[in-house]
Each structure stands twice: as C-alpha cells, then as structure tokens.
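Visitor: Before I ask anything, let me first share the structure, which is written out below as structure tokens.
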Amino acid sequence: MRSTRSGEVVHAEPIGTARLDLLPLRVEHAPEMAAVLADPALHTFIGGAPHTPQALHSRYERLVAGSPDPAVSWCNWVLRLRDADCLTGTVQATITDRGEAAEIAWVVGAPWQGRGLASEAATGLVGWLRKQGVRTIVAHVHPDHHASAAVARSAGLSVTSEQQDGEVRWRL
C-alpha cells in the first residue's frame, strides 16, 4: 500500500475481523453478490432496485477500474462470512483530500442482517482507514434507518446536525 499522504491512489487490501474477511472487490464477485443484494427491501432507504448479475458485473468493472479522478480512491470490499464461506455484503470507502478524508458505506444482505456483521465490517474498515492515515471519516445515513445509524455509532462515528441529500452526516 502506498502512502495516502503522497497523493497516490489507495488500493483496497484484505481486512480480517472476528468473523469476516473483507476481500477487495473483483468483477468475479458479481454473480454471488447479485444474489446477496437481490432483496428489494435493501433499497428502501437508498432507492433504486437490485441489479441483475450482468448489470452488477458492469458496475463492478467500473468500480475495479477506479475513479477517473486521480485525487480520489475508490476502495470496495465484499464481506465473506468465514464460517459459512459465503459473501454477505459490501463496504466501501471513497478517499479524498490527499488521503485525509473518506466517506464510507455498507450493506449486508437481508438473510445476514441482525447478526452484527455490518457493525463488525464497518468497524474493521474504519480501523484500516485510520492505519492508512485517514483523519476524517464520514457516512450518510437516512434519518429513519435506525439499524444503519447503529452501525455508524458502533464504528465510532458520531451524528452531526449536517444533512446531505436528506441523509444525516455521521463523522469521526
């Protein structure tokens, strides 16, 4: 991994937590992830609809290629539940400001929700970002999405009075 202070692109690296392997996103993850993310209820707060495997494949090709802006790093991971050897969700970080700031997000497939996996993954991601020298970490959470607010809180972020596009900004 290159230093974020140098302004170079940051690349996702494997991250391990108690139950999860956060694996850098690959295009080959699309078929399994399409099934993981297939429940329309996952889009209640973020809008849109589930992607087909082909659409997700195309999206992952764009994400893996990286940001067209050399000052922005897109880091994306899939979550592999070690005991079940299956993918369960994603986390992502968009790193800006010469490696000083990151915006993070997470999603866990409906069958795996309620087990603390999103909190575990987000906490692992925040720890990894801090080791890379990221100083400011933000997430945007729909004001009615209490489970996602709990994830942000468990990852060490604090709610702010700021909003963006109708979502509450959380910051560490």
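Each chain in the structure tokens gets a letter, A, B, ..., in the order shown, and its residues are numbered from 1; ligands are numbered from 1 in order too.
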Apply DSSP to the backbone of this structure and, from chain A, keep only the residues in alpha helix (DSSP H); write these as a CSV table (one decimal) with C-alpha atoms, in the first residue's frame.

Guide:
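states_16.csv written:
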```csv
chain,number,residue,atom,x,y,z
A,30,ALA,CA,-20.8,-10.1,-9.3
A,31,PRO,CA,-22.9,-13.3,-9.7
A,32,GLU,CA,-22.8,-14.2,-6.0
A,33,MET,CA,-23.3,-10.6,-4.9
A,34,ALA,CA,-26.3,-10.2,-7.2
A,35,ALA,CA,-28.0,-12.9,-5.2
A,36,VAL,CA,-26.8,-11.4,-1.9
A,53,PRO,CA,-25.9,-10.2,-12.4
A,54,GLN,CA,-25.0,-8.6,-15.7
A,55,ALA,CA,-25.6,-5.1,-14.5
A,56,LEU,CA,-23.7,-5.7,-11.3
A,57,HIS,CA,-20.8,-7.2,-13.4
A,58,SER,CA,-20.7,-3.9,-15.4
A,59,ARG,CA,-20.8,-1.8,-12.2
A,60,TYR,CA,-18.0,-3.9,-10.7
A,61,GLU,CA,-15.9,-3.4,-13.8
A,62,ARG,CA,-16.2,0.4,-13.3
A,63,LEU,CA,-15.5,0.2,-9.6
A,64,VAL,CA,-12.5,-2.0,-10.0
A,65,ALA,CA,-11.1,0.3,-12.7
A,117,LEU,CA,-22.0,-8.2,10.6
A,118,ALA,CA,-22.4,-4.6,9.3
A,119,SER,CA,-21.1,-3.2,12.5
A,120,GLU,CA,-18.1,-5.6,12.5
A,121,ALA,CA,-17.3,-4.8,8.9
A,122,ALA,CA,-17.7,-1.0,9.3
A,123,THR,CA,-15.5,-1.1,12.4
A,124,GLY,CA,-12.9,-3.1,10.6
A,125,LEU,CA,-13.0,-0.7,7.7
A,126,VAL,CA,-12.6,2.3,10.0
A,127,GLY,CA,-9.6,0.7,11.7
A,128,TRP,CA,-8.0,0.1,8.3
A,129,LEU,CA,-8.6,3.6,7.2
A,130,ARG,CA,-7.1,5.0,10.4
A,131,LYS,CA,-4.0,2.9,9.8
A,146,HIS,CA,-32.1,3.1,12.7
A,147,ALA,CA,-30.1,0.0,12.0
A,148,SER,CA,-27.6,1.9,9.8
A,149,ALA,CA,-27.3,4.6,12.5
A,150,ALA,CA,-26.4,1.9,15.0
A,151,VAL,CA,-23.7,0.6,12.6
A,152,ALA,CA,-22.3,4.1,12.3
A,153,ARG,CA,-22.3,4.5,16.0
A,154,SER,CA,-20.6,1.2,16.7
```

Visitor: Near His43 in chain A, within 12 Å and counting only C-alpha atoms, which residues show up once chain neighbours fewer than 2 positions away are dropped, as a VMD selection string?

Guide: chain A and resid 37 to 41 45 to 51 107 to 110 142 145

Visitor: Quick one: distance from CA of Val91 in chain A to CA of Trp106 in chain A in Å, one decimal?

Guide: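 Taking CA of Val91 in chain A as the start and CA of Trp106 in chain A as the end point, the length is 4.3 Å.
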
Visitor: Determine, counting only C-alpha atoms, which protein, DNA and RNA residues have an atom within 8 Å of an atom of Asp21 in chain A; residues of the same chain fewer than 6 positions away are not included. Present the result as a list in words.

Guide: Pro14, Ile15, Leu79, Arg80, Leu81 and Arg82 of chain A

Visitor: Looking at A:Gly116, A:Asp69, A:Gln132, A:Thr52, which one is nearest to Thr17 in chain A, with distances taken over only C-alpha atoms?

Guide: A:Gly116

Visitor: Identify all residues of range 98-166 of chain A in strand (DSSP E) (DSSP on the backbone) and supply them as a list of chain:residue names.

Guide: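 So, restricting range 98-166 of chain A to strand (DSSP E), we get A:Ala101, A:Ala102, A:Glu103, A:Ile104, A:Ala105, A:Trp106, A:Val107, A:Val108, A:Thr136, A:Ile137, A:Val138, A:Ala139, A:His140, A:Val141, A:Ser158, A:Val159, A:Thr160, A:Ser161, A:Glu162, A:Gln163, A:Gln164.
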
Visitor: May I have the residues from that selection written out with C-alpha atoms, as an mmCIF file, in the first residue's frame?

Guide:
```cif
data_model
loop_
_atom_site.group_PDB
_atom_site.id
_atom_site.type_symbol
_atom_site.label_atom_id
_atom_site.label_comp_id
_atom_site.auth_asym_id
_atom_site.auth_seq_id
_atom_site.Cartn_x
_atom_site.Cartn_y
_atom_site.Cartn_z
ATOM 1 C CA ALA A 101 -10.767 12.024 4.407
ATOM 2 C CA ALA A 102 -13.028 9.125 3.494
ATOM 3 C CA GLU A 103 -16.724 8.615 3.008
ATOM 4 C CA ILE A 104 -17.832 5.114 3.877
ATOM 5 C CA ALA A 105 -20.908 2.975 3.265
ATOM 6 C CA TRP A 106 -22.043 -0.575 3.969
ATOM 7 C CA VAL A 107 -24.752 -3.035 3.061
ATOM 8 C CA VAL A 108 -25.448 -6.535 4.307
ATOM 9 C CA THR A 136 -11.849 12.309 8.871
ATOM 10 C CA ILE A 137 -14.380 9.578 8.175
ATOM 11 C CA VAL A 138 -17.986 10.333 7.288
ATOM 12 C CA ALA A 139 -21.070 8.317 6.450
ATOM 13 C CA HIS A 140 -24.517 9.444 5.351
ATOM 14 C CA VAL A 141 -27.487 7.658 6.877
ATOM 15 C CA SER A 158 -20.963 10.492 15.849
ATOM 16 C CA VAL A 159 -24.114 12.010 14.480
ATOM 17 C CA THR A 160 -23.893 15.646 13.350
ATOM 18 C CA SER A 161 -26.549 18.261 12.643
ATOM 19 C CA GLU A 162 -25.471 18.302 8.986
ATOM 20 C CA GLN A 163 -27.513 16.754 6.203
ATOM 21 C CA GLN A 164 -26.762 15.917 2.587
#
```

Visitor: Just checking: using only C-alpha atoms, which residue out of A:Ile95, A:Pro143, A:Arg135, A:His29 ends up closest to Asp165 in chain A?

Guide: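 Among the listed residues, A:Pro143 lies closest to Asp165 in chain A.
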